[in-house]
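Worksheet: the structure to be examined is printed underneath.
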2 protein chains.
Amino acid sequence: MAGRKKQHPLPHAAGRPTAAAADESASRALTRDDLIAAAARVDPDLRRRSELLWEDRSRPTRGPKPAFTPDDVVQAAIQIAEADGLGAVTMQAVSAQLGYTTMAIYRYFPHKEALLDAIVDAAMGAPPRPTEPPGEWRADVARWAHAKRAMLCARPWLAELPFVAAPHGPNWLSWVEAVVEPLSRIGLSPVDTGEMLSVIDGYTRGASDTAISLARARARGTSDAEWTAAVGADLGRAIGDARFPAFAALMTAPSGGPARTMEASFDFGLQRVLDGIERYVATSKATAAQPIVAPKPVRRSRG
Amino acid sequence: MAGRKKQHPLPHAAGRPTAAAADESASRALTRDDLIAAAARVDPDLRRRSELLWEDRSRPTRGPKPAFTPDDVVQAAIQIAEADGLGAVTMQAVSAQLGYTTMAIYRYFPHKEALLDAIVDAAMGAPPRPTEPPGEWRADVARWAHAKRAMLCARPWLAELPFVAAPHGPNWLSWVEAVVEPLSRIGLSPVDTGEMLSVIDGYTRGASDTAISLARARARGTSDAEWTAAVGADLGRAIGDARFPAFAALMTAPSGGPARTMEASFDFGLQRVLDGIERYVATSKATAAQPIVAPKPVRRSRG
DNA sequence: TTGTATTAGTGTATTGTGTACACTGTTGAA
DNA sequence: TTCAACAGTGTACACAATACACTAATACAA
């Protein structure tokens with residue numbers, strides 16, 4: 001979700017800039033397994049959790065047939081979360097939903113955390129399919145951002161989990177892939193592409209929080225008006241309080257028209273962010289037209 | 001933290017656009033208490049939680065002198081969170097830290113949730129003081145964003161709590177005030193100012209998550225290299241997997257130079273966001289020079 | 001076919017956690 | 001001085017996660 005500056009850990013990142021491409025294929029062949037092995041050495045439990053998301057468990061030949069699959073457990077848990085929130089997802093509740101004893105689940109997941117990992121990845125689902133043919137990068141990125149926001153709002157309990165942290169499953173990576181694809185078409189350097197991934201994803205997640213919070217309240221049976229009242233009360237305390245003059249003025253200012261919907265607000269901000277990226281693309285192309293002195297494109301902080 | 005479209009609930013927001021300023025002072029006098037009263041009607045418990053953050057509890061005259069203050073409890077809890085993470089903050093641990101029994105805390109906080117509210121607000125602390133004289137809005141907003149990010153990274157356990165949701169205390173509002181102030185100086189309409197608040201805060205929170213995650217790992221005693229390895233393992237699974245071609249390409253691409261620090265990355269993205277806002281300001285000023293037809297400044301999604 | 005290793009789900013027990021409730025002792029106002 | 005109001009304590013309970021030993025089912029080797 002959060003864009004990583006993954007260049008950092010990769011072996012070749014330390015090399016000299018210009019000749020780095022030379023031994024690329026060699027390091028590429030090693031990298032994947034090297035990365036996995038390195039992580040396993042660091043934290044065996046995390047490795048186990050990661051494997052539960054990636055490896056397909058082949059059934060052992062001996063022993064009784066399992067009565068349910070790990071996926072059944074995950075689905076049961078998701079059902080509970082949908083109905084009564086993440087707090088209701090207990091090992092006992094999940095097993096009861098399945099019709100088995102609590103300890104039965106532990107045959108499939110070493111602990112609750114591992115189950116939650118699986119729940120997160122399953123609940124994210126797959127990102128929207130890319131359009132055929134691919135559109136303009138800007139439209140495609142916007143589509144992705146809206147889809148991600150919609151996904152989070154549809155499952156507001158998901159955002160209670162630290163899904164920026166490892167381990168990351170296939171669905172998680174699919175969402176990253178789905179935004180890297182249009183971003184790669186901009187024509188920026190890999191480093192800059194990674195930065196833009198951070199920007200888009202950061203904005204998308206951060207700016208969705210209010211809507212997610214509202215969605216969570218809805219799921220608890222709170223009406224929109226009630227939620228608005230609850231939030232408004234604390235913000236209203238700014239009014240008449242000398243410590244918050246600017247915010248109080250903002251709150252009491254006439255709105256000057258019908259308020260935007262939350263989604264329209266999100267889109268408005270998103271367009272600003274995309275504007276900023278577009279501007280960078282324009283200026284860095286202009287700069288690239290001149291003879292390059294530094295090995296990487298010049299970054300300009302203003303314009 | 002997340003910018004609210006608080007215009008929505010306010011009574012005057014429904015009125016006709018142009019003449020809305022007329023009855024402003026009348027509604028302003030009512031608004032504050034109305035908002036608080038409305039919230040109290042909706043959820044008495046939330047009202048209680050909010051009051052614990054805002055009202056100074058005057059000591060009753062009768063009875064024994066209290067051995068400690070609510071603030072002592074909060075400080076003890078924060079100390080535990082700093083040392084052993086949020087998970088270690090249990091009512092028993094906090095009371096033990098204070099040297100009293102578990103139930104003593106319940107004299108001051110009706111339940112753990114209310115204590116956590118107080119912890120969040122206290123741990124946020126005050127935002128950086130504004131410069132004298134005020135600088136350019138852009139520099140001031142950037143300073144704010146960096147300060148907020150630093151605050152979150154310094155207390156990575158804080159981000160585990162849903163601090164976008166109500167109730168919001170004085171420190172929380174102070175942070176909002178501190179960014180609304182420079183944003184108000186841009187000269188945008190109140191609605192647009194609120195939108196920019198959402199954009200800046202959304203980006204700041206969202207784009208800080210990776211660094212927060214790293215900080216959390218550090219607090220647990222994980223080295224940076226170990227954390228990087230753990231995250232890298234799952235991302236590395238994209239390499240050679242046909243489902244993630246764009247992301248795999250990004251990961252294996254030569255970085256073309258030394259990697260940016262996380263903070264530099266954050267700033268890079270922030271500058272893009274500020275660029276986008278700046279562009280909006282420029283175009284909306286250009287539009288405003290023409291005769292205004294619509295009651296609000298025209299929004300342009302591209303440029 | 002029969003025994004046996006292996007595996008699936010169960011039963012029971014332990015530890016930790018939030019919190020209700022009744023209690024003891026302290027304090028200042030009547 | 002008396003007593004109502006309050007502060008902190010002790011005890012108890014409901015759940016939650018999970019370790020461990022157990023029973024029963026299954027496939028393969030003999």
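If you're wondering about the labels, chains in the structure tokens are A, B, ... by order shown, residues count from 1 in each chain, ligands from 1 in order shown.
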
Please give chain B as a short mmCIF file (atom, residue, chain, number, x, y, z; two decimals) with C-alpha atoms, in the first residue's frame, after it has been superposed on chain A by least squares over all Cα atoms paired in order.
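Contents of the output file out-v7.cif:
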data_model
loop_
_atom_site.label_atom_id
_atom_site.label_comp_id
_atom_site.auth_asym_id
_atom_site.auth_seq_id
_atom_site.Cartn_x
_atom_site.Cartn_y
_atom_site.Cartn_z
CA MET B 1 0.31 -0.17 0.33
CA ALA B 2 2.61 2.62 1.21
CA GLY B 3 5.18 2.93 -1.46
CA ARG B 4 8.49 1.57 -0.32
CA LYS B 5 11.83 2.97 -1.17
CA LYS B 6 12.82 -0.58 -1.83
CA GLN B 7 15.85 0.49 -3.72
CA HIS B 8 17.47 0.96 -0.39
CA PRO B 9 17.87 -2.71 0.61
CA LEU B 10 18.61 -4.06 -2.81
CA PRO B 11 22.26 -4.96 -3.25
CA HIS B 12 22.75 -3.02 -6.45
CA ALA B 13 21.46 0.17 -4.90
CA ALA B 14 24.82 0.70 -3.28
CA GLY B 15 26.75 0.39 -6.51
CA ARG B 16 28.00 3.20 -8.67
CA PRO B 17 25.14 4.95 -10.42
CA THR B 18 26.05 4.78 -14.08
CA ALA B 19 27.28 1.23 -14.51
CA ALA B 20 24.69 -0.35 -12.26
CA ALA B 21 22.78 -1.98 -15.11
CA ALA B 22 25.67 -4.24 -16.02
CA ASP B 23 25.31 -7.01 -13.44
CA GLU B 24 21.58 -6.63 -13.32
CA SER B 25 20.48 -10.01 -14.62
CA ALA B 26 22.84 -11.82 -12.29
CA SER B 27 21.58 -10.04 -9.20
CA ARG B 28 18.01 -10.33 -10.40
CA ALA B 29 18.21 -14.12 -10.40
CA LEU B 30 19.42 -14.11 -6.83
CA THR B 31 17.41 -11.29 -5.44
CA ARG B 32 14.05 -12.91 -4.96
CA ASP B 33 15.16 -15.91 -2.95
CA ASP B 34 17.82 -13.89 -1.22
CA LEU B 35 15.25 -11.49 0.03
CA ILE B 36 13.02 -14.26 1.30
CA ALA B 37 15.87 -16.11 2.92
CA ALA B 38 17.16 -12.98 4.60
CA ALA B 39 13.77 -12.30 6.12
CA ALA B 40 13.42 -15.88 7.31
CA ARG B 41 16.71 -15.59 9.14
CA VAL B 42 15.57 -12.44 10.88
CA ASP B 43 12.17 -13.57 12.08
CA PRO B 44 11.01 -17.16 11.64
CA ASP B 45 7.52 -16.33 12.80
CA LEU B 46 7.12 -13.60 10.24
CA ARG B 47 8.37 -16.00 7.59
CA ARG B 48 5.70 -18.44 8.65
CA ARG B 49 3.03 -15.78 8.46
CA SER B 50 4.21 -14.77 5.04
CA GLU B 51 4.21 -18.33 3.81
CA LEU B 52 0.64 -18.77 4.94
CA LEU B 53 -0.27 -16.01 2.52
CA TRP B 54 1.77 -17.19 -0.42
CA GLU B 55 2.41 -20.89 -0.39
CA ASP B 56 -0.44 -23.17 -1.32
CA ARG B 57 -0.61 -25.72 1.39
CA SER B 58 -0.55 -29.15 -0.17
CA ARG B 59 -2.66 -31.56 1.82
CA PRO B 60 -0.71 -34.31 3.53
CA THR B 61 -1.68 -37.79 2.37
CA ARG B 62 -2.07 -39.39 5.78
CA GLY B 63 -4.62 -38.61 8.41
CA PRO B 64 -8.29 -37.70 8.41
CA LYS B 65 -9.71 -35.38 5.83
CA PRO B 66 -9.92 -31.82 7.06
CA ALA B 67 -13.46 -30.67 7.68
CA PHE B 68 -12.77 -27.16 6.48
CA THR B 69 -10.10 -25.11 4.77
CA PRO B 70 -8.09 -22.12 5.90
CA ASP B 71 -10.14 -20.13 3.46
CA ASP B 72 -13.32 -21.18 5.24
CA VAL B 73 -11.88 -19.77 8.42
CA VAL B 74 -11.00 -16.52 6.72
CA GLN B 75 -14.44 -16.21 5.17
CA ALA B 76 -16.13 -16.88 8.48
CA ALA B 77 -13.98 -14.24 10.14
CA ILE B 78 -14.74 -11.71 7.43
CA GLN B 79 -18.45 -12.39 7.79
CA ILE B 80 -18.22 -11.62 11.49
CA ALA B 81 -16.22 -8.49 10.89
CA GLU B 82 -18.78 -7.31 8.35
CA ALA B 83 -21.62 -7.93 10.73
CA ASP B 84 -20.25 -6.80 14.07
CA GLY B 85 -16.92 -5.15 13.45
CA LEU B 86 -13.38 -6.22 13.96
CA GLY B 87 -13.79 -6.36 17.70
CA ALA B 88 -16.23 -9.24 17.31
CA VAL B 89 -13.64 -11.32 15.50
CA THR B 90 -12.49 -13.60 18.28
CA MET B 91 -11.18 -17.09 17.87
CA GLN B 92 -14.26 -18.38 19.63
CA ALA B 93 -16.64 -16.42 17.43
CA VAL B 94 -14.94 -17.56 14.25
CA SER B 95 -14.92 -21.20 15.26
CA ALA B 96 -18.53 -21.03 16.39
CA GLN B 97 -19.45 -19.56 13.03
CA LEU B 98 -17.78 -22.53 11.38
CA GLY B 99 -19.43 -24.96 13.75
CA TYR B 100 -16.23 -26.26 15.31
CA THR B 101 -14.36 -25.77 18.52
CA THR B 102 -12.06 -22.87 19.08
CA MET B 103 -8.89 -24.90 18.99
CA ALA B 104 -9.67 -26.35 15.59
CA ILE B 105 -8.60 -23.11 13.99
CA TYR B 106 -5.15 -23.41 15.46
CA ARG B 107 -4.53 -26.37 13.20
CA TYR B 108 -4.47 -23.88 10.31
CA PHE B 109 -3.23 -20.67 11.82
CA PRO B 110 -0.54 -20.64 14.48
CA HIS B 111 -2.14 -17.65 16.19
CA LYS B 112 -4.70 -14.96 15.73
CA GLU B 113 -2.24 -12.58 14.15
CA ALA B 114 -1.63 -14.98 11.28
CA LEU B 115 -5.36 -15.28 10.76
CA LEU B 116 -5.68 -11.52 10.67
CA ASP B 117 -2.94 -11.36 8.04
CA ALA B 118 -5.00 -13.65 5.88
CA ILE B 119 -8.17 -11.73 6.55
CA VAL B 120 -6.57 -8.49 5.47
CA ASP B 121 -5.34 -9.90 2.21
CA ALA B 122 -8.60 -11.64 1.44
CA ALA B 123 -10.73 -8.65 2.31
CA MET B 124 -8.74 -6.33 0.08
CA GLY B 125 -9.71 -8.41 -2.89
CA ALA B 126 -8.36 -7.73 -6.33
CA PRO B 127 -7.92 -4.23 -7.71
CA PRO B 128 -10.05 -3.12 -10.67
CA ARG B 129 -9.02 -4.64 -13.95
CA PRO B 130 -6.97 -2.34 -16.18
CA THR B 131 -8.79 -0.76 -19.10
CA GLU B 132 -8.19 -2.08 -22.57
CA PRO B 133 -6.40 -0.35 -24.16
CA PRO B 134 -4.64 1.46 -21.29
CA GLY B 135 -5.82 5.03 -20.90
CA GLU B 136 -3.95 8.13 -20.00
CA TRP B 137 -1.85 7.55 -16.90
CA ARG B 138 -3.64 10.28 -15.06
CA ALA B 139 -7.09 8.84 -15.58
CA ASP B 140 -5.90 5.35 -14.71
CA VAL B 141 -4.24 6.47 -11.51
CA ALA B 142 -7.37 8.37 -10.51
CA ARG B 143 -9.48 5.32 -11.18
CA TRP B 144 -7.17 3.29 -8.97
CA ALA B 145 -7.32 5.81 -6.14
CA HIS B 146 -11.09 5.91 -6.22
CA ALA B 147 -11.25 2.13 -6.27
CA LYS B 148 -8.95 1.83 -3.32
CA ARG B 149 -10.89 4.38 -1.35
CA ALA B 150 -14.13 2.59 -2.17
CA MET B 151 -12.62 -0.70 -1.07
CA LEU B 152 -11.60 0.75 2.27
CA CYS B 153 -14.94 2.43 2.82
CA ALA B 154 -16.76 -0.77 2.00
CA ARG B 155 -14.82 -2.59 4.73
CA PRO B 156 -14.12 0.09 7.28
CA TRP B 157 -12.96 -2.47 9.83
CA LEU B 158 -10.04 -3.24 7.56
CA ALA B 159 -8.38 0.06 8.26
CA GLU B 160 -8.23 -0.81 11.96
CA LEU B 161 -5.55 -3.34 11.15
CA PRO B 162 -2.01 -2.23 10.48
CA PHE B 163 -2.09 -3.25 6.86
CA VAL B 164 0.89 -1.15 5.95
CA ALA B 165 3.10 -3.53 7.91
CA ALA B 166 4.42 -6.91 6.85
CA PRO B 167 3.48 -9.50 5.87
CA HIS B 168 1.98 -8.60 2.53
CA GLY B 169 -0.01 -11.09 0.52
CA PRO B 170 -0.81 -11.43 -3.17
CA ASN B 171 -3.83 -9.15 -3.14
CA TRP B 172 -1.86 -6.47 -1.42
CA LEU B 173 0.79 -6.69 -4.08
CA SER B 174 -1.84 -6.69 -6.80
CA TRP B 175 -3.07 -3.32 -5.64
CA VAL B 176 0.45 -1.99 -5.78
CA GLU B 177 0.93 -3.49 -9.22
CA ALA B 178 -2.27 -1.89 -10.43
CA VAL B 179 -1.03 1.60 -9.68
CA VAL B 180 2.60 1.06 -10.59
CA GLU B 181 1.51 0.04 -14.04
CA PRO B 182 0.06 3.41 -15.08
CA LEU B 183 2.74 5.25 -13.11
CA SER B 184 5.41 3.43 -15.09
CA ARG B 185 3.91 4.77 -18.26
CA ILE B 186 4.64 8.36 -17.27
CA GLY B 187 8.23 7.94 -18.28
CA LEU B 188 9.85 8.90 -14.99
CA SER B 189 12.94 7.25 -13.58
CA PRO B 190 12.37 4.17 -11.41
CA VAL B 191 13.20 6.15 -8.29
CA ASP B 192 10.77 8.89 -9.17
CA THR B 193 8.13 6.35 -10.09
CA GLY B 194 8.50 4.87 -6.63
CA GLU B 195 8.13 8.30 -5.11
CA MET B 196 4.94 8.90 -7.02
CA LEU B 197 3.63 5.59 -5.77
CA SER B 198 4.19 6.85 -2.24
CA VAL B 199 2.47 10.11 -2.98
CA ILE B 200 -0.61 8.59 -4.56
CA ASP B 201 -1.00 5.82 -2.06
CA GLY B 202 -0.24 8.07 0.88
CA TYR B 203 -2.83 10.59 -0.18
CA THR B 204 -5.38 7.93 -0.96
CA ARG B 205 -5.11 6.21 2.37
CA GLY B 206 -4.77 9.34 4.43
CA ALA B 207 -7.54 11.26 2.75
CA SER B 208 -9.92 8.32 3.02
CA ASP B 209 -9.79 8.18 6.79
CA THR B 210 -12.69 10.48 7.47
CA ALA B 211 -14.96 8.61 5.11
CA ILE B 212 -13.80 5.34 6.63
CA SER B 213 -14.59 6.65 10.06
CA LEU B 214 -18.07 7.55 8.91
CA ALA B 215 -18.52 4.16 7.29
CA ARG B 216 -17.50 2.54 10.54
CA ALA B 217 -20.09 4.53 12.41
CA ARG B 218 -22.71 3.52 9.87
CA ALA B 219 -21.80 -0.11 10.37
CA ARG B 220 -22.41 0.33 14.08
CA GLY B 221 -25.86 1.66 13.32
CA THR B 222 -25.06 5.32 13.85
CA SER B 223 -26.82 7.59 11.40
CA ASP B 224 -24.86 10.08 9.38
CA ALA B 225 -26.45 12.91 11.28
CA GLU B 226 -25.44 11.41 14.59
CA TRP B 227 -21.88 10.89 13.47
CA THR B 228 -21.69 14.41 12.17
CA ALA B 229 -23.02 15.70 15.44
CA ALA B 230 -20.44 13.73 17.43
CA VAL B 231 -17.54 14.98 15.38
CA GLY B 232 -18.96 18.47 15.16
CA ALA B 233 -19.16 18.83 18.91
CA ASP B 234 -15.44 18.71 19.46
CA LEU B 235 -14.65 20.81 16.42
CA GLY B 236 -17.28 23.25 17.58
CA ARG B 237 -15.32 23.82 20.76
CA ALA B 238 -12.91 25.84 18.64
CA ILE B 239 -15.57 28.48 18.14
CA GLY B 240 -15.05 31.29 20.59
CA ASP B 241 -11.84 29.78 21.90
CA ALA B 242 -8.94 32.16 21.49
CA ARG B 243 -6.53 29.31 20.91
CA PHE B 244 -8.11 28.38 17.58
CA PRO B 245 -8.88 31.60 15.70
CA ALA B 246 -8.16 30.40 12.17
CA PHE B 247 -10.04 27.17 12.51
CA ALA B 248 -12.98 28.84 14.21
CA ALA B 249 -13.14 31.33 11.38
CA LEU B 250 -13.11 28.50 8.90
CA MET B 251 -15.95 26.73 10.66
CA THR B 252 -18.15 29.75 10.96
CA ALA B 253 -17.50 31.06 7.47
CA PRO B 254 -20.44 30.84 5.10
CA SER B 255 -19.93 27.87 2.86
CA GLY B 256 -20.91 29.83 -0.21
CA GLY B 257 -22.80 26.99 -1.79
CA PRO B 258 -23.81 23.40 -1.36
CA ALA B 259 -21.17 21.30 0.37
CA ARG B 260 -19.25 18.79 -1.69
CA THR B 261 -19.84 15.15 -1.02
CA MET B 262 -16.97 13.36 0.63
CA GLU B 263 -16.15 11.62 -2.59
CA ALA B 264 -16.08 14.88 -4.50
CA SER B 265 -13.75 16.28 -1.88
CA PHE B 266 -11.50 13.31 -2.24
CA ASP B 267 -11.44 13.73 -5.98
CA PHE B 268 -10.76 17.42 -5.71
CA GLY B 269 -7.70 16.76 -3.59
CA LEU B 270 -6.63 13.93 -5.85
CA GLN B 271 -6.68 16.24 -8.84
CA ARG B 272 -4.40 18.65 -6.98
CA VAL B 273 -1.97 15.83 -6.25
CA LEU B 274 -2.04 14.69 -9.85
CA ASP B 275 -1.49 18.28 -10.93
CA GLY B 276 1.60 18.36 -8.79
CA ILE B 277 2.93 15.18 -10.35
CA GLU B 278 2.14 16.44 -13.81
CA ARG B 279 4.04 19.60 -13.14
CA TYR B 280 7.04 17.63 -12.02
CA VAL B 281 6.91 15.56 -15.17
CA ALA B 282 6.83 18.68 -17.29
CA THR B 283 9.73 20.36 -15.54
CA SER B 284 11.87 17.24 -15.42
CA LYS B 285 11.36 16.69 -19.14
CA ALA B 286 12.38 20.26 -19.76
CA THR B 287 15.46 19.72 -17.65
CA ALA B 288 16.29 16.44 -19.33
CA ALA B 289 16.42 18.21 -22.69
CA GLN B 290 19.47 20.01 -21.45
CA PRO B 291 22.76 18.14 -21.04
CA ILE B 292 22.53 16.00 -17.95
CA VAL B 293 25.18 16.68 -15.36
CA ALA B 294 23.82 14.94 -12.31
CA PRO B 295 23.11 11.20 -12.73
CA LYS B 296 19.47 11.62 -11.78
CA PRO B 297 16.88 14.13 -12.96
CA VAL B 298 17.10 17.42 -11.13
CA ARG B 299 14.45 17.85 -8.52
CA ARG B 300 12.99 21.26 -8.14
CA SER B 301 11.09 22.05 -5.01
CA ARG B 302 9.13 24.99 -6.38
CA GLY B 303 8.88 25.61 -10.02
#

Can you tell me which residues surround DA12 (chain D) at a distance of at most 10 Å, considering only C-alpha atoms (C1' of nucleotides), apart from same-chain residues fewer than 2 positions away, and format the answer as a list of chain:residue names?
C:DA20, C:DC21, D:DG10, D:DA14

Got time to write the residues from that selection, C-alpha atoms (C1' of nucleotides), as a compact mmCIF listing (two decimals), in the first residue's frame?
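Below you can see part-v3.txt, which holds the result:
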# COMPACT_ATOMS: atom_id res chain seq x y z
C1' DA C 20 -18.81 -4.48 38.21
C1' DC C 21 -19.68 -4.13 43.08
C1' DG D 10 -10.42 -6.47 47.55
C1' DA D 14 -16.80 -12.95 32.02

Give me, as CSV, each residue of chain C that comes within 7 Å of chain B, together with its shortest interatomic pair and the distance in Å at one decimal, counting only C-alpha atoms (C1' of nucleotides), with rows ordered by chain and rising residue number.
residue,atom,partner,partner_atom,distance
C:DT26,C1',B:Pro64,CA,4.7
C:DT27,C1',B:Gly63,CA,4.3
C:DG28,C1',B:Arg62,CA,5.3

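Every protein, DNA or RNA residue with an atom at most 10 Å from region 20-28 of chain D, where only C-alpha atoms (C1' of nucleotides) count and chain neighbours fewer than 2 positions away do not, is listed here: Thr61, Arg62, Gly63, Pro64 and Lys65 of chain A; DT4, DA5, DT6, DT7, DA8, DG9, DT10, DG11, DT12 and DA13 of chain C; DT18 and DA30 of chain D.
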
Write a file of the just-selected residues containing N, CA and C atoms (P, O5', C5', C4', C3', O3' and C1' of nucleotides), as a CSV table (one decimal), in the first residue's frame.
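File again.csv, as written:
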chain,number,residue,atom,x,y,z
A,61,THR,N,-1.1,-36.6,2.9
A,61,THR,CA,-1.9,-37.8,2.5
A,61,THR,C,-2.5,-38.5,3.7
A,62,ARG,N,-1.8,-38.6,4.8
A,62,ARG,CA,-2.2,-39.3,5.9
A,62,ARG,C,-3.3,-38.6,6.7
A,63,GLY,N,-3.9,-39.2,7.6
A,63,GLY,CA,-4.8,-38.6,8.6
A,63,GLY,C,-6.2,-38.3,8.1
A,64,PRO,N,-7.1,-38.0,8.9
A,64,PRO,CA,-8.5,-37.7,8.6
A,64,PRO,C,-8.6,-36.5,7.6
A,65,LYS,N,-9.6,-36.5,6.8
A,65,LYS,CA,-9.8,-35.4,5.9
A,65,LYS,C,-10.2,-34.2,6.7
C,4,DT,P,1.8,-52.5,15.5
C,4,DT,O5',2.2,-51.1,14.8
C,4,DT,C5',2.7,-51.0,13.5
C,4,DT,C4',2.7,-49.6,13.0
C,4,DT,C3',2.7,-48.5,14.1
C,4,DT,O3',3.6,-47.5,13.7
C,4,DT,C1',0.9,-48.1,12.7
C,5,DA,P,4.4,-46.6,14.8
C,5,DA,O5',4.7,-45.4,13.9
C,5,DA,C5',5.1,-45.5,12.5
C,5,DA,C4',4.5,-44.4,11.7
C,5,DA,C3',4.7,-43.0,12.3
C,5,DA,O3',5.0,-42.2,11.2
C,5,DA,C1',2.4,-43.5,11.9
C,6,DT,P,5.4,-40.6,11.4
C,6,DT,O5',4.0,-39.9,11.0
C,6,DT,C5',3.4,-40.2,9.8
C,6,DT,C4',2.1,-39.5,9.6
C,6,DT,C3',2.0,-38.1,10.2
C,6,DT,O3',1.5,-37.3,9.1
C,6,DT,C1',0.2,-39.3,11.0
C,7,DT,P,1.8,-35.7,9.1
C,7,DT,O5',0.3,-35.1,9.3
C,7,DT,C5',-0.8,-35.5,8.4
C,7,DT,C4',-2.1,-35.5,9.2
C,7,DT,C3',-2.5,-34.2,9.8
C,7,DT,O3',-3.6,-33.6,9.0
C,7,DT,C1',-3.1,-36.0,11.1
C,8,DA,P,-4.2,-32.2,9.4
C,8,DA,O5',-5.6,-32.8,10.1
C,8,DA,C5',-6.5,-33.5,9.4
C,8,DA,C4',-7.9,-33.4,10.1
C,8,DA,C3',-8.3,-32.1,10.6
C,8,DA,O3',-9.7,-31.9,10.4
C,8,DA,C1',-8.0,-33.6,12.5
C,9,DG,P,-10.4,-30.6,10.7
C,9,DG,O5',-10.9,-30.8,12.2
C,9,DG,C5',-12.1,-31.6,12.5
C,9,DG,C4',-12.2,-31.9,13.9
C,9,DG,C3',-12.6,-30.7,14.9
C,9,DG,O3',-13.7,-31.1,15.6
C,9,DG,C1',-10.7,-31.9,15.7
C,10,DT,P,-14.3,-30.2,16.8
C,10,DT,O5',-13.7,-30.9,18.0
C,10,DT,C5',-14.0,-32.3,18.2
C,10,DT,C4',-13.8,-32.7,19.7
C,10,DT,C3',-14.3,-31.7,20.8
C,10,DT,O3',-14.9,-32.5,21.8
C,10,DT,C1',-12.0,-32.0,21.1
C,11,DG,P,-15.8,-31.9,22.9
C,11,DG,O5',-15.1,-32.2,24.3
C,11,DG,C5',-13.8,-32.9,24.3
C,11,DG,C4',-13.2,-32.9,25.7
C,11,DG,C3',-13.9,-31.9,26.6
C,11,DG,O3',-13.9,-32.5,27.9
C,11,DG,C1',-11.7,-31.1,26.2
C,12,DT,P,-14.2,-31.7,29.2
C,12,DT,O5',-12.8,-31.0,29.6
C,12,DT,C5',-11.6,-31.9,29.7
C,12,DT,C4',-10.4,-31.1,30.3
C,12,DT,C3',-10.8,-30.1,31.4
C,12,DT,O3',-9.9,-30.1,32.4
C,12,DT,C1',-9.6,-29.0,29.7
C,13,DA,P,-10.1,-29.3,33.8
C,13,DA,O5',-8.7,-28.4,33.7
C,13,DA,C5',-7.5,-28.9,33.3
C,13,DA,C4',-6.5,-27.8,33.1
C,13,DA,C3',-6.6,-26.7,34.1
C,13,DA,O3',-5.3,-26.4,34.6
C,13,DA,C1',-6.8,-25.8,32.0
D,18,DT,P,-3.0,-16.3,20.4
D,18,DT,O5',-2.7,-17.6,21.2
D,18,DT,C5',-2.0,-17.5,22.4
D,18,DT,C4',-2.1,-18.8,23.1
D,18,DT,C3',-1.8,-20.1,22.3
D,18,DT,O3',-0.9,-20.9,22.9
D,18,DT,C1',-3.6,-20.4,23.6
D,30,DA,P,7.4,-51.8,4.8
D,30,DA,O5',6.8,-53.1,5.4
D,30,DA,C5',6.4,-53.1,6.8
D,30,DA,C4',5.6,-54.3,7.1
D,30,DA,C3',6.0,-55.6,6.4
D,30,DA,O3',6.9,-56.4,7.1
D,30,DA,C1',3.6,-55.3,6.4

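Separating C1' of DA29 (chain C) from C1' of DG8 (chain D) is a distance of 22.2 Å.
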
Which residues of chain D are close to chain B, meaning at most 9 Å apart when you count only C-alpha atoms (C1' of nucleotides), and how do they look as an mmCIF file with C-alpha atoms (C1' of nucleotides), in the first residue's frame?
data_model
loop_
_atom_site.group_PDB
_atom_site.id
_atom_site.type_symbol
_atom_site.label_atom_id
_atom_site.label_comp_id
_atom_site.auth_asym_id
_atom_site.auth_seq_id
_atom_site.Cartn_x
_atom_site.Cartn_y
_atom_site.Cartn_z
ATOM 1 C "C1'" DA D 4 -22.472 12.729 53.639
ATOM 2 C "C1'" DA D 5 -19.446 12.517 49.934
ATOM 3 C "C1'" DC D 6 -15.601 10.891 48.150
ATOM 4 C "C1'" DA D 7 -10.771 7.963 47.338
ATOM 5 C "C1'" DG D 8 -8.699 3.857 46.971
ATOM 6 C "C1'" DT D 9 -9.022 -1.548 47.918
#

Mind the document's chain letters and residue numbers, and return as a ChimeraX atom specification the residues of region 2-162 of chain B that DSSP labels helix (DSSP H, G or I).
/B:11-14,24-42,44-54,70-84,86-88,91-98,102-107,112-124,137-154,156-160
